Amino acid sequence: MINKVKRSEDSFAAVKFKYIPGGLWKFCVPIDSVKLFDKNPRRNDISVDELAALIKTNLFRKPIVIDQNNVIRAGNTAYKAACKLGMKMIPVAQSEFNGEGAAVDYVISDNKIGEKAQWDVDILKELILTHNLADAERRPNTGFSEVEINRLFDIKEQAEKTLRHVIEVAVTVETEDEARILYERLVKEGYKCRVLTL
């Protein structure tokens with residue numbers, strides 16, 4: 001009888017904490033107890049479906065940040081993705097802000113700082129190759145599209161080919177009209193052109 005009760009509790013927990021690793025359960029609150037920040041300056045709806053798919057595969061591994069009034073200050077997209085997945089609970093980190101101004105400072109800076117980060121392309125490629133993440137089945141788990149992966153692995157090779165095979169030809173013309181006509185014709189024929197004025 002004890003085993004049956006234990007299995008029942010495990011099943012309940014699995015439903016209640018769906019997509020959340022056990023280590024985060026203690027940080028969870030009912031999803032309907034938190035509120036979206038209605039002045040969120042980031043338009044994130046376009047990312048919700050993709051993030052929901054990633055959570056389904058990789059689980060919900062990072063708490064969202066809420067203030068003392070349970071308003072989301074970081075993680076609006078994750079919250080929307082959790083709602084889309086029908087999650088009942090969501091992990092949160094509650095922080096007290098010294099007024100709305102301080103909370104808004106955090107909202108803006110948290111979003112802005114992410115724009116400044118850049119990929120180390122060599123390390124990224126190494127990780128993708130080492131862990132077979134370019135494979136058709138595993139690539140979606142990274143959030144990269146097939147086109148982005150192809151571009152990532154072609155970019156260096158293309159640059160090296162271009163450097164090895166570039167020959168520049170300078171043509172002098174008398175008027176701007178002649179330059180424009182010649183430029184348009186060469187571009188139409190597939191040449192890479194630039195206009196230099198002396």
# chains A, B, ... in the order shown; residues from 1 in each chain; ligands from 1
call {"tool": "closest_atom_pairs", "arguments": {"of": "stretch 32-91 of chain A", "to": "stretch 18-25 of chain A", "cutoff": "7 Å", "atoms": "only C-alpha atoms", "output": "CSV"}}
result
residue,atom,partner,partner_atom,distance
A:Ile55,CA,A:Tyr19,CA,6.9
A:Lys56,CA,A:Tyr19,CA,6.4
A:Leu59,CA,A:Tyr19,CA,4.8
A:Phe60,CA,A:Ile20,CA,5.2
A:Arg61,CA,A:Ile20,CA,6.8
A:Met87,CA,A:Lys18,CA,6.2
A:Pro91,CA,A:Leu24,CA,6.3
call {"tool": "write_last_selection", "arguments": {"atoms": "C-alpha atoms", "output": "tab-separated table (two decimals), in the first residue's frame"}}
result
chain	number	residue	atom	x	y	z
A	55	ILE	CA	11.55	24.33	-22.43
A	56	LYS	CA	9.80	21.14	-23.50
A	59	LEU	CA	13.20	21.98	-19.13
A	60	PHE	CA	12.59	25.25	-17.28
A	61	ARG	CA	15.99	25.76	-15.64
A	87	MET	CA	2.45	24.67	-16.60
A	91	PRO	CA	10.16	28.86	-10.41
call {"tool": "closest_residue", "arguments": {"among": "A:Ala81, A:Val104, A:Glu137, A:Glu178", "to": "A:Leu54", "atoms": "only C-alpha atoms"}}
result
A:Ala81
call {"tool": "residues_around", "arguments": {"residues": "A:Cys193", "least_positions_apart": "3", "cutoff": "8 Å", "atoms": "only C-alpha atoms", "output": "PyMOL selection string"}}
result
chain A and resi 183+186-187
call {"tool": "write_last_selection", "arguments": {"atoms": "C-alpha atoms", "output": "JSON list (two decimals), in the first residue's frame"}}
result
[["chain", "number", "residue", "atom", "x", "y", "z"],
["A", 183, "TYR", "CA", 28.28, 50.16, -61.52],
["A", 186, "LEU", "CA", 28.59, 45.18, -63.32],
["A", 187, "VAL", "CA", 26.43, 44.46, -60.26]]
call {"tool": "select_by_dssp", "arguments": {"residues": "stretch 13-185 of chain A", "states": "alpha helix (DSSP H)", "output": "MDAnalysis selection string"}}
result
chainID A and resid 13:16 45:58 76:84 100:116 121:130 146:165 176:185
call {"tool": "closest_residue", "arguments": {"among": "A:Thr77, A:Met89, A:Val48, A:Leu127", "to": "A:Lys26", "atoms": "only C-alpha atoms"}}
result
A:Met89
call {"tool": "residues_around", "arguments": {"residues": "A:His131", "least_positions_apart": "6", "cutoff": "12 Å", "atoms": "only C-alpha atoms", "output": "MDAnalysis selection string"}}
result
chainID A and resid 124:125 138:139 141:142
call {"tool": "write_last_selection", "arguments": {"atoms": "N, CA and C atoms", "output": "PDB file, in the first residue's frame"}}
result
ATOM      1  N   LEU A 124      31.985  28.393 -30.085  1.00  0.00           N
ATOM      2  CA  LEU A 124      30.628  27.950 -30.422  1.00  0.00           C
ATOM      3  C   LEU A 124      30.681  26.788 -31.413  1.00  0.00           C
ATOM      4  N   LYS A 125      31.493  26.922 -32.456  1.00  0.00           N
ATOM      5  CA  LYS A 125      31.608  25.850 -33.454  1.00  0.00           C
ATOM      6  C   LYS A 125      32.164  24.573 -32.829  1.00  0.00           C
ATOM      7  N   ARG A 138      19.114  17.124 -33.043  1.00  0.00           N
ATOM      8  CA  ARG A 138      19.558  17.852 -31.847  1.00  0.00           C
ATOM      9  C   ARG A 138      19.637  19.359 -32.050  1.00  0.00           C
ATOM     10  N   ARG A 139      19.782  19.817 -33.299  1.00  0.00           N
ATOM     11  CA  ARG A 139      19.928  21.250 -33.562  1.00  0.00           C
ATOM     12  C   ARG A 139      18.807  22.096 -32.976  1.00  0.00           C
ATOM     13  N   ASN A 141      17.298  21.907 -30.325  1.00  0.00           N
ATOM     14  CA  ASN A 141      17.483  22.097 -28.882  1.00  0.00           C
ATOM     15  C   ASN A 141      18.383  23.287 -28.563  1.00  0.00           C
ATOM     16  N   THR A 142      19.145  23.765 -29.551  1.00  0.00           N
ATOM     17  CA  THR A 142      20.058  24.882 -29.328  1.00  0.00           C
ATOM     18  C   THR A 142      19.389  26.228 -29.571  1.00  0.00           C
TER      19      THR A 142
END
call {"tool": "atom_distance", "arguments": {"atom1": "atom CA of A:Lys88", "atom2": "atom CA of A:Asn58"}}
result
17.6 Å
call {"tool": "closest_atom_pairs", "arguments": {"of": "stretch 11-42 of chain A", "to": "stretch 67-70 of chain A", "cutoff": "12 Å", "atoms": "only C-alpha atoms", "output": "tab-separated table"}}
result
residue	atom	partner	partner_atom	distance
A:Val29	CA	A:Asn70	CA	10.1
A:Pro30	CA	A:Asn70	CA	11.1
A:Ile31	CA	A:Asn70	CA	10.5
A:Asp32	CA	A:Asn70	CA	10.1
A:Ser33	CA	A:Asn70	CA	7.1
A:Val34	CA	A:Asn70	CA	5.0
A:Lys35	CA	A:Asn70	CA	6.2
A:Leu36	CA	A:Asn70	CA	8.8
A:Phe37	CA	A:Asn70	CA	9.6
call {"tool": "closest_residue", "arguments": {"among": "A:Ala102, A:Leu152, A:Val71, A:Lys112", "to": "A:Glu126", "atoms": "only C-alpha atoms"}}
result
A:Leu152
call {"tool": "atom_distance", "arguments": {"atom1": "atom CA of A:Val92", "atom2": "atom CA of A:Phe17"}}
result
13.0 Å
call {"tool": "atom_distance", "arguments": {"atom1": "atom CA of A:Arg73", "atom2": "atom CA of A:Val15"}}
result
26.6 Å
call {"tool": "decode", "arguments": {"residues": "stretch 78-110 of chain A", "atoms": "N, CA and C atoms", "output": "short mmCIF file (atom, residue, chain, number, x, y, z; two decimals), in the first residue's frame"}}
result
data_model
loop_
_atom_site.label_atom_id
_atom_site.label_comp_id
_atom_site.auth_asym_id
_atom_site.auth_seq_id
_atom_site.Cartn_x
_atom_site.Cartn_y
_atom_site.Cartn_z
N ALA A 78 9.52 33.82 -20.82
CA ALA A 78 9.49 32.49 -20.20
C ALA A 78 8.13 32.23 -19.56
N TYR A 79 7.57 33.25 -18.93
CA TYR A 79 6.23 33.11 -18.32
C TYR A 79 5.19 32.78 -19.40
N LYS A 80 5.23 33.51 -20.51
CA LYS A 80 4.27 33.27 -21.59
C LYS A 80 4.44 31.87 -22.17
N ALA A 81 5.70 31.43 -22.30
CA ALA A 81 5.97 30.08 -22.81
C ALA A 81 5.43 29.03 -21.84
N ALA A 82 5.61 29.27 -20.53
CA ALA A 82 5.10 28.34 -19.51
C ALA A 82 3.58 28.25 -19.58
N CYS A 83 2.92 29.40 -19.77
CA CYS A 83 1.46 29.41 -19.91
C CYS A 83 1.04 28.59 -21.13
N LYS A 84 1.78 28.77 -22.23
CA LYS A 84 1.47 28.04 -23.46
C LYS A 84 1.58 26.54 -23.26
N LEU A 85 2.53 26.13 -22.42
CA LEU A 85 2.74 24.70 -22.15
C LEU A 85 1.77 24.16 -21.10
N GLY A 86 0.95 25.03 -20.53
CA GLY A 86 0.00 24.59 -19.52
C GLY A 86 0.63 24.29 -18.17
N MET A 87 1.78 24.90 -17.89
CA MET A 87 2.45 24.67 -16.60
C MET A 87 1.62 25.25 -15.46
N LYS A 88 1.58 24.52 -14.35
CA LYS A 88 0.81 24.95 -13.17
C LYS A 88 1.65 25.77 -12.20
N MET A 89 2.94 25.47 -12.17
CA MET A 89 3.87 26.12 -11.25
C MET A 89 5.00 26.74 -12.07
N ILE A 90 5.67 27.72 -11.46
CA ILE A 90 6.79 28.35 -12.14
C ILE A 90 7.84 28.74 -11.10
N PRO A 91 9.14 28.48 -11.38
CA PRO A 91 10.16 28.86 -10.41
C PRO A 91 10.41 30.37 -10.45
N VAL A 92 10.52 30.97 -9.27
CA VAL A 92 10.73 32.42 -9.19
C VAL A 92 11.86 32.75 -8.22
N ALA A 93 12.48 33.90 -8.46
CA ALA A 93 13.38 34.53 -7.50
C ALA A 93 12.74 35.87 -7.18
N GLN A 94 12.32 36.05 -5.92
CA GLN A 94 11.64 37.29 -5.56
C GLN A 94 12.66 38.29 -5.03
N SER A 95 12.64 39.49 -5.60
CA SER A 95 13.55 40.56 -5.20
C SER A 95 12.74 41.79 -4.83
N GLU A 96 13.18 42.46 -3.78
CA GLU A 96 12.53 43.71 -3.39
C GLU A 96 13.25 44.86 -4.08
N PHE A 97 12.50 45.74 -4.69
CA PHE A 97 13.06 46.91 -5.35
C PHE A 97 12.66 48.14 -4.55
N ASN A 98 13.55 49.12 -4.51
CA ASN A 98 13.29 50.35 -3.78
C ASN A 98 12.49 51.31 -4.66
N GLY A 99 11.25 50.95 -4.91
CA GLY A 99 10.37 51.78 -5.72
C GLY A 99 10.30 51.33 -7.17
N GLU A 100 9.32 51.87 -7.88
CA GLU A 100 9.08 51.49 -9.28
C GLU A 100 10.24 51.90 -10.18
N GLY A 101 10.86 53.04 -9.88
CA GLY A 101 12.00 53.50 -10.69
C GLY A 101 13.13 52.49 -10.69
N ALA A 102 13.45 51.94 -9.53
CA ALA A 102 14.51 50.95 -9.41
C ALA A 102 14.14 49.67 -10.16
N ALA A 103 12.87 49.29 -10.08
CA ALA A 103 12.41 48.08 -10.78
C ALA A 103 12.51 48.27 -12.30
N VAL A 104 12.13 49.46 -12.78
CA VAL A 104 12.21 49.74 -14.21
C VAL A 104 13.67 49.80 -14.68
N ASP A 105 14.55 50.38 -13.85
CA ASP A 105 15.99 50.37 -14.17
C ASP A 105 16.44 48.94 -14.44
N TYR A 106 16.03 48.03 -13.55
CA TYR A 106 16.44 46.64 -13.69
C TYR A 106 15.87 46.01 -14.96
N VAL A 107 14.58 46.25 -15.24
CA VAL A 107 13.94 45.70 -16.42
C VAL A 107 14.70 46.12 -17.68
N ILE A 108 14.99 47.40 -17.79
CA ILE A 108 15.65 47.91 -19.00
C ILE A 108 17.08 47.39 -19.09
N SER A 109 17.83 47.47 -17.99
CA SER A 109 19.23 47.05 -18.04
C SER A 109 19.37 45.55 -18.29
N ASP A 110 18.47 44.75 -17.71
CA ASP A 110 18.52 43.30 -17.92
C ASP A 110 18.33 42.96 -19.40
#
